[in-house]
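Reproduced below: work.pdb, with PDB, C-alpha atoms and all ligand atoms.
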```pdb
MODEL        1
ATOM      1  CA  ASN E 283      15.327 -30.796  29.557
ATOM      2  CA  GLY E 284      16.718 -28.007  27.387
ATOM      3  CA  LEU E 285      15.924 -25.455  30.064
ATOM      4  CA  LYS E 286      16.442 -21.836  29.097
ATOM      5  CA  LYS E 287      15.881 -18.511  30.769
ATOM      6  CA  TYR E 288      16.617 -15.388  28.794
ATOM      7  CA  PHE E 289      16.051 -12.074  30.544
ATOM      8  CA  PRO E 290      15.485  -9.100  28.242
ATOM      9  CA  ILE E 291      17.680  -6.063  28.709
ATOM     10  CA  THR E 292      15.753  -2.893  28.053
ATOM     11  CA  GLY E 293      17.095   0.607  27.802
ATOM     12  CA  GLY E 294      16.588   4.118  26.559
ATOM     13  CA  VAL E 295      13.570   6.339  27.157
ATOM     14  CA  LEU E 296      11.251   3.986  25.289
ATOM     15  CA  GLY E 297      12.433   0.936  27.226
ATOM     16  CA  ARG E 298      13.121  -0.954  24.008
ATOM     17  CA  LYS E 299      14.655  -4.372  24.209
ATOM     18  CA  LYS E 300      18.392  -3.986  23.736
ATOM     19  CA  GLY E 301      19.432  -7.557  24.126
ATOM     20  CA  GLU E 302      19.129 -10.437  26.507
ATOM     21  CA  VAL E 303      20.952 -12.151  29.294
ATOM     22  CA  LYS E 304      21.074 -15.886  28.768
ATOM     23  CA  ALA E 305      20.967 -16.704  32.462
ATOM     24  CA  VAL E 306      20.237 -20.371  31.786
ATOM     25  CA  ASP E 307      21.019 -21.621  28.319
ATOM     26  CA  ASP E 308      19.986 -25.128  27.343
ATOM     27  CA  VAL E 309      20.518 -27.026  30.576
ATOM     28  CA  SER E 310      19.467 -30.683  30.914
ATOM     29  CA  PHE E 311      19.868 -33.052  33.847
ATOM     30  CA  PHE E 312      17.938 -35.482  35.997
ATOM     31  CA  VAL E 313      17.828 -36.167  39.727
ATOM     32  CA  LYS E 314      17.287 -39.664  41.088
ATOM     33  CA  LYS E 315      14.900 -40.263  43.948
ATOM     34  CA  GLY E 316      16.684 -40.100  47.281
ATOM     35  CA  GLU E 317      19.944 -38.658  46.000
ATOM     36  CA  THR E 318      21.572 -35.279  46.349
ATOM     37  CA  LEU E 319      22.532 -33.563  43.147
ATOM     38  CA  GLY E 320      24.927 -30.693  43.730
ATOM     39  CA  ILE E 321      25.065 -27.771  41.327
ATOM     40  CA  VAL E 322      28.176 -25.703  41.621
ATOM     41  CA  GLY E 323      29.532 -22.618  39.910
ATOM     42  CA  GLU E 324      30.671 -19.048  40.442
ATOM     43  CA  SER E 325      28.160 -16.297  41.099
ATOM     44  CA  GLY E 326      26.219 -15.377  37.983
ATOM     45  CA  CYS E 327      26.555 -18.816  36.381
ATOM     46  CA  GLY E 328      22.797 -19.402  36.491
ATOM     47  CA  LYS E 329      22.623 -21.982  39.254
ATOM     48  CA  SER E 330      20.107 -20.074  41.395
ATOM     49  CA  THR E 331      18.030 -19.228  38.350
ATOM     50  CA  THR E 332      17.969 -22.937  37.506
ATOM     51  CA  GLY E 333      16.640 -23.714  40.988
ATOM     52  CA  ARG E 334      13.936 -21.083  40.702
ATOM     53  CA  LEU E 335      12.962 -22.312  37.248
ATOM     54  CA  LEU E 336      12.476 -25.839  38.556
ATOM     55  CA  MET E 337      10.087 -24.517  41.206
ATOM     56  CA  ARG E 338       8.459 -22.273  38.612
ATOM     57  CA  LEU E 339       9.070 -19.293  40.858
ATOM     58  CA  ILE E 340      10.111 -17.783  37.542
ATOM     59  CA  GLU E 341       8.958 -18.996  34.150
ATOM     60  CA  SER E 342      11.378 -20.594  31.706
ATOM     61  CA  SER E 343      11.888 -19.261  28.187
ATOM     62  CA  ASP E 344      12.090 -22.789  26.821
ATOM     63  CA  GLY E 345      12.499 -26.394  27.872
ATOM     64  CA  THR E 346      10.539 -28.882  29.944
ATOM     65  CA  ILE E 347      10.559 -29.788  33.623
ATOM     66  CA  LEU E 348       9.301 -33.195  34.675
ATOM     67  CA  PHE E 349       8.586 -34.173  38.253
ATOM     68  CA  GLU E 350       7.735 -37.868  38.637
ATOM     69  CA  ASP E 351       6.676 -37.878  34.974
ATOM     70  CA  LYS E 352       4.327 -34.934  35.439
ATOM     71  CA  GLU E 353       5.173 -31.973  33.284
ATOM     72  CA  VAL E 354       5.617 -29.053  35.669
ATOM     73  CA  THR E 355       6.136 -26.644  32.790
ATOM     74  CA  LYS E 356       2.586 -27.228  31.562
ATOM     75  CA  MET E 357       0.792 -27.114  34.908
ATOM     76  CA  SER E 358      -1.998 -24.680  35.647
ATOM     77  CA  LYS E 359      -1.770 -22.457  38.735
ATOM     78  CA  SER E 360      -3.852 -24.858  40.819
ATOM     79  CA  GLU E 361      -1.915 -27.941  39.699
ATOM     80  CA  LEU E 362       1.266 -26.077  40.475
ATOM     81  CA  ARG E 363       0.046 -25.200  43.952
ATOM     82  CA  LYS E 364      -0.646 -28.886  44.591
ATOM     83  CA  ILE E 365       2.756 -30.033  43.408
ATOM     84  CA  ARG E 366       4.513 -27.389  45.493
ATOM     85  CA  ARG E 367       3.672 -29.457  48.555
ATOM     86  CA  ASP E 368       6.122 -31.969  47.154
ATOM     87  CA  MET E 369       8.805 -29.478  46.122
ATOM     88  CA  GLN E 370      10.122 -26.995  48.639
ATOM     89  CA  MET E 371      12.959 -24.540  48.649
ATOM     90  CA  VAL E 372      15.504 -23.537  51.272
ATOM     91  CA  PHE E 373      17.159 -20.183  50.659
ATOM     92  CA  GLN E 374      20.565 -18.718  51.345
ATOM     93  CA  ASP E 375      19.350 -15.962  53.586
ATOM     94  CA  PRO E 376      16.788 -17.385  55.974
ATOM     95  CA  TYR E 377      16.281 -13.948  57.460
ATOM     96  CA  ALA E 378      14.952 -12.597  54.209
ATOM     97  CA  SER E 379      12.606 -15.531  53.739
ATOM     98  CA  LEU E 380      11.140 -15.435  57.268
ATOM     99  CA  ASN E 381       8.578 -12.732  57.995
ATOM    100  CA  PRO E 382      10.122 -10.672  60.828
ATOM    101  CA  ARG E 383       6.717  -9.746  62.259
ATOM    102  CA  HIS E 384       5.531 -13.324  62.599
ATOM    103  CA  THR E 385       6.309 -15.782  65.351
ATOM    104  CA  VAL E 386       8.107 -18.954  64.375
ATOM    105  CA  GLU E 387       4.873 -20.837  64.918
ATOM    106  CA  LYS E 388       3.010 -18.642  62.472
ATOM    107  CA  ILE E 389       5.855 -18.870  59.947
ATOM    108  CA  LEU E 390       5.900 -22.653  60.103
ATOM    109  CA  GLU E 391       2.137 -22.975  60.028
ATOM    110  CA  GLU E 392       1.810 -20.874  56.911
ATOM    111  CA  PRO E 393       2.640 -23.540  54.283
ATOM    112  CA  LEU E 394       0.016 -25.803  55.870
ATOM    113  CA  ILE E 395      -2.598 -23.046  55.756
ATOM    114  CA  VAL E 396      -1.727 -22.256  52.138
ATOM    115  CA  HIS E 397      -2.187 -25.911  51.214
ATOM    116  CA  GLY E 398      -5.208 -26.417  53.469
ATOM    117  CA  ILE E 399      -3.501 -29.150  55.464
ATOM    118  CA  GLY E 400      -4.711 -30.179  58.935
ATOM    119  CA  SER E 401      -6.766 -28.644  61.708
ATOM    120  CA  LYS E 402      -5.381 -25.890  63.927
ATOM    121  CA  GLN E 403      -4.438 -28.508  66.500
ATOM    122  CA  GLU E 404      -2.738 -30.752  63.947
ATOM    123  CA  ARG E 405      -0.803 -27.818  62.554
ATOM    124  CA  LYS E 406       0.474 -26.879  66.004
ATOM    125  CA  LYS E 407       1.515 -30.460  66.598
ATOM    126  CA  ARG E 408       3.431 -30.549  63.332
ATOM    127  CA  VAL E 409       5.157 -27.249  64.165
ATOM    128  CA  LYS E 410       6.348 -28.740  67.431
ATOM    129  CA  GLU E 411       7.525 -31.932  65.715
ATOM    130  CA  MET E 412       9.416 -30.125  62.980
ATOM    131  CA  LEU E 413      11.097 -27.773  65.456
ATOM    132  CA  GLU E 414      12.375 -30.832  67.262
ATOM    133  CA  VAL E 415      13.501 -32.455  64.019
ATOM    134  CA  VAL E 416      15.724 -29.451  63.269
ATOM    135  CA  GLY E 417      17.150 -29.334  66.785
ATOM    136  CA  LEU E 418      14.963 -26.594  68.256
ATOM    137  CA  SER E 419      12.040 -26.983  70.642
ATOM    138  CA  SER E 420       8.436 -25.905  71.052
ATOM    139  CA  TYR E 421       9.773 -23.275  73.421
ATOM    140  CA  HIS E 422      11.037 -21.449  70.314
ATOM    141  CA  ALA E 423       7.633 -21.378  68.633
ATOM    142  CA  ARG E 424       6.537 -18.120  70.187
ATOM    143  CA  ARG E 425       9.718 -16.254  69.386
ATOM    144  CA  TYR E 426      10.487 -14.007  66.410
ATOM    145  CA  PRO E 427      13.170 -14.541  63.749
ATOM    146  CA  HIS E 428      15.424 -11.750  65.071
ATOM    147  CA  GLN E 429      15.747 -13.606  68.368
ATOM    148  CA  PHE E 430      17.714 -16.390  66.690
ATOM    149  CA  SER E 431      21.272 -16.819  65.457
ATOM    150  CA  GLY E 432      21.970 -17.305  61.732
ATOM    151  CA  GLY E 433      22.323 -21.053  62.149
ATOM    152  CA  GLN E 434      19.085 -21.296  64.123
ATOM    153  CA  ARG E 435      17.291 -19.235  61.507
ATOM    154  CA  GLN E 436      18.427 -21.628  58.815
ATOM    155  CA  ARG E 437      17.077 -24.470  60.968
ATOM    156  CA  ILE E 438      13.741 -22.647  60.997
ATOM    157  CA  GLY E 439      13.976 -22.263  57.211
ATOM    158  CA  ILE E 440      14.538 -26.008  56.925
ATOM    159  CA  ALA E 441      11.650 -26.759  59.309
ATOM    160  CA  LYS E 442       9.423 -24.569  57.160
ATOM    161  CA  ALA E 443      10.427 -26.472  54.031
ATOM    162  CA  LEU E 444       9.624 -29.763  55.784
ATOM    163  CA  MET E 445       6.151 -28.758  56.952
ATOM    164  CA  THR E 446       4.281 -30.036  53.884
ATOM    165  CA  LYS E 447       6.199 -33.364  53.824
ATOM    166  CA  PRO E 448       7.939 -32.638  50.534
ATOM    167  CA  LYS E 449       9.737 -35.193  48.378
ATOM    168  CA  LEU E 450      12.212 -32.788  46.814
ATOM    169  CA  ILE E 451      14.048 -29.904  48.435
ATOM    170  CA  ILE E 452      15.941 -27.396  46.362
ATOM    171  CA  ALA E 453      18.477 -25.740  48.636
ATOM    172  CA  ASP E 454      20.058 -22.597  47.198
ATOM    173  CA  GLU E 455      23.307 -21.826  49.022
ATOM    174  CA  PRO E 456      21.748 -22.869  52.336
ATOM    175  CA  VAL E 457      24.978 -22.570  54.323
ATOM    176  CA  SER E 458      26.846 -19.830  52.430
ATOM    177  CA  ALA E 459      25.859 -17.102  54.878
ATOM    178  CA  LEU E 460      26.856 -19.124  57.943
ATOM    179  CA  ASP E 461      30.117 -19.371  59.880
ATOM    180  CA  VAL E 462      32.179 -22.393  58.897
ATOM    181  CA  SER E 463      31.612 -24.153  62.235
ATOM    182  CA  ILE E 464      27.855 -23.733  61.867
ATOM    183  CA  GLN E 465      27.931 -24.801  58.193
ATOM    184  CA  ALA E 466      28.929 -28.342  59.144
ATOM    185  CA  GLN E 467      26.100 -28.588  61.672
ATOM    186  CA  VAL E 468      23.492 -27.486  59.155
ATOM    187  CA  LEU E 469      24.903 -29.794  56.460
ATOM    188  CA  ASN E 470      24.778 -32.713  58.875
ATOM    189  CA  LEU E 471      21.223 -31.810  59.789
ATOM    190  CA  LEU E 472      20.300 -31.810  56.093
ATOM    191  CA  LYS E 473      21.895 -35.244  55.706
ATOM    192  CA  ASP E 474      20.076 -36.632  58.736
ATOM    193  CA  ILE E 475      16.656 -35.430  57.657
ATOM    194  CA  GLN E 476      17.293 -36.707  54.142
ATOM    195  CA  THR E 477      17.603 -40.213  55.523
ATOM    196  CA  GLU E 478      14.758 -39.802  57.989
ATOM    197  CA  PHE E 479      12.262 -38.473  55.440
ATOM    198  CA  GLN E 480      13.662 -40.042  52.246
ATOM    199  CA  LEU E 481      14.187 -36.676  50.658
ATOM    200  CA  THR E 482      15.719 -35.856  47.319
ATOM    201  CA  TYR E 483      17.932 -32.770  47.217
ATOM    202  CA  ILE E 484      19.149 -30.368  44.622
ATOM    203  CA  PHE E 485      21.914 -28.570  46.442
ATOM    204  CA  ILE E 486      23.143 -25.343  44.885
ATOM    205  CA  ALA E 487      26.399 -23.776  46.086
ATOM    206  CA  HIS E 488      29.536 -21.985  44.964
ATOM    207  CA  ASP E 489      31.700 -23.833  47.484
ATOM    208  CA  LEU E 490      33.165 -26.983  45.939
ATOM    209  CA  GLY E 491      34.009 -28.495  49.315
ATOM    210  CA  VAL E 492      30.471 -28.065  50.607
ATOM    211  CA  VAL E 493      29.005 -29.613  47.455
ATOM    212  CA  ARG E 494      31.342 -32.565  47.688
ATOM    213  CA  HIS E 495      30.467 -33.118  51.332
ATOM    214  CA  ILE E 496      26.764 -33.462  50.692
ATOM    215  CA  SER E 497      26.252 -34.612  47.096
ATOM    216  CA  ASP E 498      26.065 -37.992  45.401
ATOM    217  CA  ARG E 499      26.467 -36.454  41.964
ATOM    218  CA  ALA E 500      27.406 -32.928  41.034
ATOM    219  CA  GLY E 501      27.205 -30.653  38.024
ATOM    220  CA  VAL E 502      29.266 -27.581  37.206
ATOM    221  CA  MET E 503      27.760 -24.520  35.549
ATOM    222  CA  TYR E 504      29.504 -21.755  33.660
ATOM    223  CA  LEU E 505      27.760 -18.762  32.077
ATOM    224  CA  GLY E 506      24.325 -20.321  32.047
ATOM    225  CA  ARG E 507      25.479 -23.714  30.816
ATOM    226  CA  LEU E 508      26.008 -27.030  32.494
ATOM    227  CA  ILE E 509      29.526 -27.985  31.431
ATOM    228  CA  GLU E 510      30.222 -31.153  33.387
ATOM    229  CA  LEU E 511      28.304 -33.582  35.573
ATOM    230  CA  ALA E 512      29.306 -36.862  37.190
ATOM    231  CA  ASP E 513      29.260 -38.897  40.389
ATOM    232  CA  CYS E 514      30.912 -36.747  43.016
ATOM    233  CA  GLU E 515      33.927 -38.982  43.428
ATOM    234  CA  GLU E 516      34.468 -39.169  39.686
ATOM    235  CA  LEU E 517      34.027 -35.420  39.242
ATOM    236  CA  TYR E 518      36.445 -34.486  41.999
ATOM    237  CA  GLU E 519      39.049 -37.166  41.280
ATOM    238  CA  ASN E 520      38.816 -37.216  37.522
ATOM    239  CA  PRO E 521      37.532 -33.872  36.255
ATOM    240  CA  LYS E 522      37.568 -33.498  32.480
ATOM    241  CA  HIS E 523      36.393 -30.060  31.475
ATOM    242  CA  PRO E 524      39.174 -27.441  31.648
ATOM    243  CA  TYR E 525      36.921 -25.172  33.718
ATOM    244  CA  THR E 526      36.218 -27.882  36.304
ATOM    245  CA  ARG E 527      39.907 -28.730  36.418
ATOM    246  CA  ALA E 528      40.794 -25.090  36.989
ATOM    247  CA  LEU E 529      38.154 -24.692  39.693
ATOM    248  CA  LEU E 530      39.383 -27.788  41.480
ATOM    249  CA  SER E 531      43.045 -26.923  41.207
ATOM    250  CA  ALA E 532      42.238 -23.722  43.095
ATOM    251  CA  VAL E 533      41.007 -25.770  46.056
ATOM    252  CA  PRO E 534      43.850 -26.686  48.422
ATOM    253  CA  ILE E 535      44.275 -30.429  49.034
ATOM    254  CA  PRO E 536      45.109 -31.365  52.626
ATOM    255  CA  ASP E 537      47.118 -34.439  51.554
ATOM    256  CA  PRO E 538      50.640 -33.377  50.455
ATOM    257  CA  ASP E 539      51.157 -36.698  48.623
ATOM    258  CA  ILE E 540      48.472 -35.883  46.109
ATOM    259  CA  LYS E 541      49.847 -33.836  43.286
ATOM    260  CA  ARG E 542      47.386 -32.074  41.128
ATOM    261  CA  GLN E 543      48.200 -30.536  37.838
ATOM    262  CA  ASN E 544      47.696 -26.828  38.018
ATOM    263  CA  PHE E 545      45.238 -25.293  35.634
ATOM    264  CA  SER E 546      44.735 -21.621  35.611
ATOM    265  CA  ILE E 547      41.835 -19.576  34.401
ATOM    266  CA  HIS E 548      42.981 -16.385  32.811
ATOM    267  CA  GLY E 549      40.970 -13.250  32.300
ATOM    268  CA  GLU E 550      37.675 -12.168  33.757
ATOM    269  CA  MET E 551      34.322 -13.865  33.624
ATOM    270  CA  PRO E 552      32.626 -12.524  30.473
ATOM    271  CA  SER E 553      29.297 -10.742  30.826
ATOM    272  CA  PRO E 554      26.313 -13.086  30.529
ATOM    273  CA  SER E 555      24.667 -10.460  28.324
ATOM    274  CA  ASN E 556      27.430 -10.947  25.793
ATOM    275  CA  PRO E 557      28.731 -14.487  26.180
ATOM    276  CA  PRO E 558      31.602 -15.612  23.936
ATOM    277  CA  SER E 559      30.708 -17.478  20.745
ATOM    278  CA  GLY E 560      31.200 -21.220  20.489
ATOM    279  CA  CYS E 561      32.319 -22.568  23.845
ATOM    280  CA  ALA E 562      31.480 -19.897  26.426
ATOM    281  CA  PHE E 563      34.705 -20.752  28.257
ATOM    282  CA  HIS E 564      36.973 -20.297  25.239
ATOM    283  CA  THR E 565      38.166 -16.810  26.216
ATOM    284  CA  ARG E 566      39.682 -18.241  29.387
ATOM    285  CA  CYS E 567      40.608 -21.757  28.397
ATOM    286  CA  SER E 568      44.276 -22.754  28.147
ATOM    287  CA  GLU E 569      43.356 -25.552  25.715
ATOM    288  CA  CYS E 570      41.231 -23.525  23.331
ATOM    289  CA  MET E 571      41.251 -24.818  19.733
ATOM    290  CA  ASP E 572      39.944 -23.189  16.549
ATOM    291  CA  ILE E 573      36.633 -25.003  16.673
ATOM    292  CA  CYS E 574      36.002 -23.740  20.224
ATOM    293  CA  THR E 575      35.568 -20.144  19.128
ATOM    294  CA  VAL E 576      32.860 -20.969  16.582
ATOM    295  CA  THR E 577      31.016 -24.126  17.560
ATOM    296  CA  ARG E 578      29.294 -24.720  20.829
ATOM    297  CA  PRO E 579      30.470 -28.062  22.237
ATOM    298  CA  PRO E 580      27.621 -30.556  22.663
ATOM    299  CA  TYR E 581      26.816 -31.748  26.172
ATOM    300  CA  GLN E 582      27.505 -35.476  25.924
ATOM    301  CA  GLU E 583      27.910 -38.556  28.069
ATOM    302  CA  MET E 584      31.594 -39.499  27.780
ATOM    303  CA  THR E 585      31.721 -42.484  30.072
ATOM    304  CA  LYS E 586      28.793 -43.915  32.004
ATOM    305  CA  GLY E 587      27.198 -41.096  33.984
ATOM    306  CA  HIS E 588      30.000 -38.633  33.239
ATOM    307  CA  TYR E 589      28.805 -35.802  31.027
ATOM    308  CA  THR E 590      30.761 -32.908  29.655
ATOM    309  CA  ALA E 591      30.496 -30.142  27.090
ATOM    310  CA  CYS E 592      33.972 -29.703  25.646
ATOM    311  CA  HIS E 593      35.425 -30.278  22.173
ATOM    312  CA  LEU E 594      38.373 -32.130  23.694
ATOM    313  CA  PHE E 595      35.939 -34.951  24.427
ATOM    314  CA  SER E 596      33.337 -34.554  21.687
ATOM    315  CA  LYS E 597      32.367 -37.762  19.948
TER     316      LYS E 597
HETATM  317 FE1  LIG H 601      38.368 -25.251  26.241
HETATM  318 FE2  LIG H 601      37.494 -25.762  23.781
HETATM  319 FE3  LIG H 601      36.846 -27.382  25.754
HETATM  320 FE4  LIG H 601      35.785 -24.945  25.617
HETATM  321  S1  LIG H 601      35.486 -26.620  24.174
HETATM  322  S2  LIG H 601      36.611 -25.922  27.417
HETATM  323  S3  LIG H 601      37.497 -23.774  24.820
HETATM  324  S4  LIG H 601      38.888 -26.992  24.965
HETATM  325 MG    MG H 602      22.811 -17.520  43.676
ENDMDL
END
```

Written as structure tokens, how would this file's structure read?
Amino acid sequence: NGLKKYFPITGGVLGRKKGEVKAVDDVSFFVKKGETLGIVGESGCGKSTTGRLLMRLIESSDGTILFEDKEVTKMSKSELRKIRRDMQMVFQDPYASLNPRHTVEKILEEPLIVHGIGSKQERKKRVKEMLEVVGLSSYHARRYPHQFSGGQRQRIGIAKALMTKPKLIIADEPVSALDVSIQAQVLNLLKDIQTEFQLTYIFIAHDLGVVRHISDRAGVMYLGRLIELADCEELYENPKHPYTRALLSAVPIPDPDIKRQNFSIHGEMPSPSNPPSGCAFHTRCSECMDICTVTRPPYQEMTKGHYTACHLFSK
């Protein structure tokens, strides 16, 4: 609710604060149990920062985070450690998140040791089980990360996230680094384990097709702001915000019978350290009105479950 993350920019010999980057600027949304909420946007839009804020891997500048009615933002270190069993993250680059000097077994065991879960024997058993869940086998437990392909490494990353039996997984571009053929396999694996373990996902990606494939609802971010959110079908078939429409019109449609109006985005993405006044998209919007340059459009529910922040739809 109202989540913000402002990073100070310092400079000069004295390292004085020169300004700030509003990486996440007043973002609010909820995720329903058992669903996948996609968050999509171009690089630098704040989607990864949002994911890290939710996990409290970085601290927010403002706003509240609730997990099953418990206020994560107010938790002490020890409360946070406890709740992290329930919230796990899968990263874009599994290689960077897996210790190269540790065997897969040691890597997978680690979250259990951190949380004091199970005896040595129980931990080993769980490692074996989770390797099988992600399509590997206990044979792989004694190997090292470099002995695996990118897709296999992401499977290990997913197994690691599953070790503590989490309820929520925040996946930050989990397939972006993989070949397209492997992407589908990993996405299908994520879908299968979601059903098997009744997981809730927040799925962050820049690829609109990938987000559509996996999500029940999806939100679009631009320059630190959530600008539209709806059920996936609604968002992709009936996008409202000019930025969403432009993003989607850039995606080729395989069906030649479907005609989509073409929206273009002109100009470059402004710097997040100096975002445009009013609507952050106004410098690139083909429908910009006077009010857009001065007043920030409120993020509002237009029709049931379809939210947008654009003066064209303001109530
Ligand atoms: Fe375009 Fe104005 Fe809507 Fe922003 S608020 S997207 S500038 S029409
Ligand atoms: Mg990112």

Residues within 9 Å of ligand MG 602 (chain H), counting only C-alpha atoms and all ligand atoms, as a list in words: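 I would give the residues around ligand MG 602 (chain H) as Glu324, Ser325, Gly326, Cys327, Gly328, Lys329, Ser330, Thr331, Gln374, Asp454, Glu455, Ile486, Ala487 and His488 of chain E.
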
For segment 286-302 of chain E, list every protein, DNA or RNA residue within 9 Å, evaluated using all atoms listed in the file, and leave out those in the same chain fewer than 2 positions away; present the list as a ChimeraX atom specification. /E:284,304-309,331-332,335,340-345,506,554-556

Compile a residue-level contact table for chain E against ligand LIG 601 (chain H) at a cut-off of 6 Å, reporting for every qualifying residue the shortest atom pair and its distance in Å to one decimal, with all atoms listed in the file counted, rows ordered by chain and ascending number, as a tab-separated table.
```
residue	atom	partner	partner_atom	distance
E:His523	CA	H:LIG601	S2	5.8
E:Pro524	CA	H:LIG601	S2	5.2
E:Cys561	CA	H:LIG601	FE4	4.6
E:Phe563	CA	H:LIG601	FE4	5.1
E:His564	CA	H:LIG601	S3	3.5
E:Cys567	CA	H:LIG601	FE1	4.7
E:Glu569	CA	H:LIG601	S4	4.8
E:Cys570	CA	H:LIG601	S3	4.0
E:Met571	CA	H:LIG601	FE2	5.6
E:Cys574	CA	H:LIG601	FE2	4.4
E:Pro579	CA	H:LIG601	S1	5.6
E:Cys592	CA	H:LIG601	FE3	3.7
E:His593	CA	H:LIG601	S1	4.2
E:Leu594	CA	H:LIG601	S4	5.3
```

Record the distance separating atom CA of Tyr589 of chain E and atom CA of Ser458 of chain E, expressed in Å with one decimal. 26.8 Å

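The two atoms in question, atom CA of Ser419 of chain E and atom CA of Leu390 of chain E, are spaced 12.9 Å apart.
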
As a check of understanding, name the residues that the PyMOL selection byres (((chain E and resi 385) around 7) and not hetatm) selects in the supplied structure, as a PDB file with C-alpha atoms, in the frame of the given file.
```
ATOM      1  CA  ARG E 383       6.717  -9.746  62.259  1.00  0.00           C
ATOM      2  CA  HIS E 384       5.531 -13.324  62.599  1.00  0.00           C
ATOM      3  CA  VAL E 386       8.107 -18.954  64.375  1.00  0.00           C
ATOM      4  CA  GLU E 387       4.873 -20.837  64.918  1.00  0.00           C
ATOM      5  CA  LYS E 388       3.010 -18.642  62.472  1.00  0.00           C
ATOM      6  CA  ILE E 389       5.855 -18.870  59.947  1.00  0.00           C
ATOM      7  CA  ALA E 423       7.633 -21.378  68.633  1.00  0.00           C
ATOM      8  CA  ARG E 424       6.537 -18.120  70.187  1.00  0.00           C
ATOM      9  CA  ARG E 425       9.718 -16.254  69.386  1.00  0.00           C
ATOM     10  CA  TYR E 426      10.487 -14.007  66.410  1.00  0.00           C
TER      11      TYR E 426
END
```

Segment 415-417 of chain E environment, 10 Å, only C-alpha atoms, sequence neighbours closer than 2 positions dropped, as a count of residues only: 20

With all atoms listed in the file as the basis for distance, which of E:Pro580, E:Ala528, E:Tyr504, E:Leu362 is at the shortest distance from Met551 of chain E?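 When distances to Met551 of chain E are compared using all atoms listed in the file, the smallest one comes from E:Tyr504.
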
Running the PyMOL selection byres (((chain E and resi 549) around 10) and not hetatm) on this model by hand, what would come out? Give it as a PDB file with C-alpha atoms, in the coordinates of the input.
```pdb
ATOM      1  CA  SER E 546      44.735 -21.621  35.611  1.00  0.00           C
ATOM      2  CA  ILE E 547      41.835 -19.576  34.401  1.00  0.00           C
ATOM      3  CA  HIS E 548      42.981 -16.385  32.811  1.00  0.00           C
ATOM      4  CA  GLU E 550      37.675 -12.168  33.757  1.00  0.00           C
ATOM      5  CA  MET E 551      34.322 -13.865  33.624  1.00  0.00           C
ATOM      6  CA  PRO E 552      32.626 -12.524  30.473  1.00  0.00           C
ATOM      7  CA  THR E 565      38.166 -16.810  26.216  1.00  0.00           C
ATOM      8  CA  ARG E 566      39.682 -18.241  29.387  1.00  0.00           C
ATOM      9  CA  CYS E 567      40.608 -21.757  28.397  1.00  0.00           C
TER      10      CYS E 567
END
```

So which one's closest to Arg494 of chain E, E:Ile452, E:Leu517, E:Val303, E:Ile365? Using all atoms listed in the file, please.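 Of E:Ile452, E:Leu517, E:Val303, E:Ile365, the one nearest Arg494 of chain E, counting all atoms listed in the file, is E:Leu517.
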
Repaired coordinates for segment 405-416 of chain E (N, CA and C atoms) as a PDB file, in the frame of the given file:
```pdb
ATOM      1  N   ARG E 405      -1.874 -28.698  63.033  1.00  0.00           N
ATOM      2  CA  ARG E 405      -0.803 -27.818  62.554  1.00  0.00           C
ATOM      3  C   ARG E 405       0.165 -27.495  63.691  1.00  0.00           C
ATOM      4  N   LYS E 406      -0.380 -27.202  64.844  1.00  0.00           N
ATOM      5  CA  LYS E 406       0.474 -26.879  66.004  1.00  0.00           C
ATOM      6  C   LYS E 406       1.362 -28.065  66.378  1.00  0.00           C
ATOM      7  N   LYS E 407       0.772 -29.246  66.270  1.00  0.00           N
ATOM      8  CA  LYS E 407       1.515 -30.460  66.598  1.00  0.00           C
ATOM      9  C   LYS E 407       2.684 -30.638  65.625  1.00  0.00           C
ATOM     10  N   ARG E 408       2.378 -30.395  64.347  1.00  0.00           N
ATOM     11  CA  ARG E 408       3.431 -30.549  63.332  1.00  0.00           C
ATOM     12  C   ARG E 408       4.538 -29.502  63.524  1.00  0.00           C
ATOM     13  N   VAL E 409       4.158 -28.290  63.893  1.00  0.00           N
ATOM     14  CA  VAL E 409       5.157 -27.249  64.165  1.00  0.00           C
ATOM     15  C   VAL E 409       6.114 -27.736  65.253  1.00  0.00           C
ATOM     16  N   LYS E 410       5.544 -28.263  66.302  1.00  0.00           N
ATOM     17  CA  LYS E 410       6.348 -28.740  67.431  1.00  0.00           C
ATOM     18  C   LYS E 410       7.288 -29.870  66.961  1.00  0.00           C
ATOM     19  N   GLU E 411       6.715 -30.804  66.206  1.00  0.00           N
ATOM     20  CA  GLU E 411       7.525 -31.932  65.715  1.00  0.00           C
ATOM     21  C   GLU E 411       8.682 -31.460  64.844  1.00  0.00           C
ATOM     22  N   MET E 412       8.372 -30.553  63.920  1.00  0.00           N
ATOM     23  CA  MET E 412       9.416 -30.125  62.980  1.00  0.00           C
ATOM     24  C   MET E 412      10.484 -29.290  63.680  1.00  0.00           C
ATOM     25  N   LEU E 413      10.084 -28.515  64.692  1.00  0.00           N
ATOM     26  CA  LEU E 413      11.097 -27.773  65.456  1.00  0.00           C
ATOM     27  C   LEU E 413      12.053 -28.757  66.124  1.00  0.00           C
ATOM     28  N   GLU E 414      11.510 -29.839  66.622  1.00  0.00           N
ATOM     29  CA  GLU E 414      12.375 -30.832  67.262  1.00  0.00           C
ATOM     30  C   GLU E 414      13.273 -31.537  66.243  1.00  0.00           C
ATOM     31  N   VAL E 415      12.713 -31.812  65.079  1.00  0.00           N
ATOM     32  CA  VAL E 415      13.501 -32.455  64.019  1.00  0.00           C
ATOM     33  C   VAL E 415      14.742 -31.625  63.675  1.00  0.00           C
ATOM     34  N   VAL E 416      14.585 -30.299  63.654  1.00  0.00           N
ATOM     35  CA  VAL E 416      15.724 -29.451  63.269  1.00  0.00           C
ATOM     36  C   VAL E 416      16.562 -29.018  64.470  1.00  0.00           C
TER      37      VAL E 416
END
```
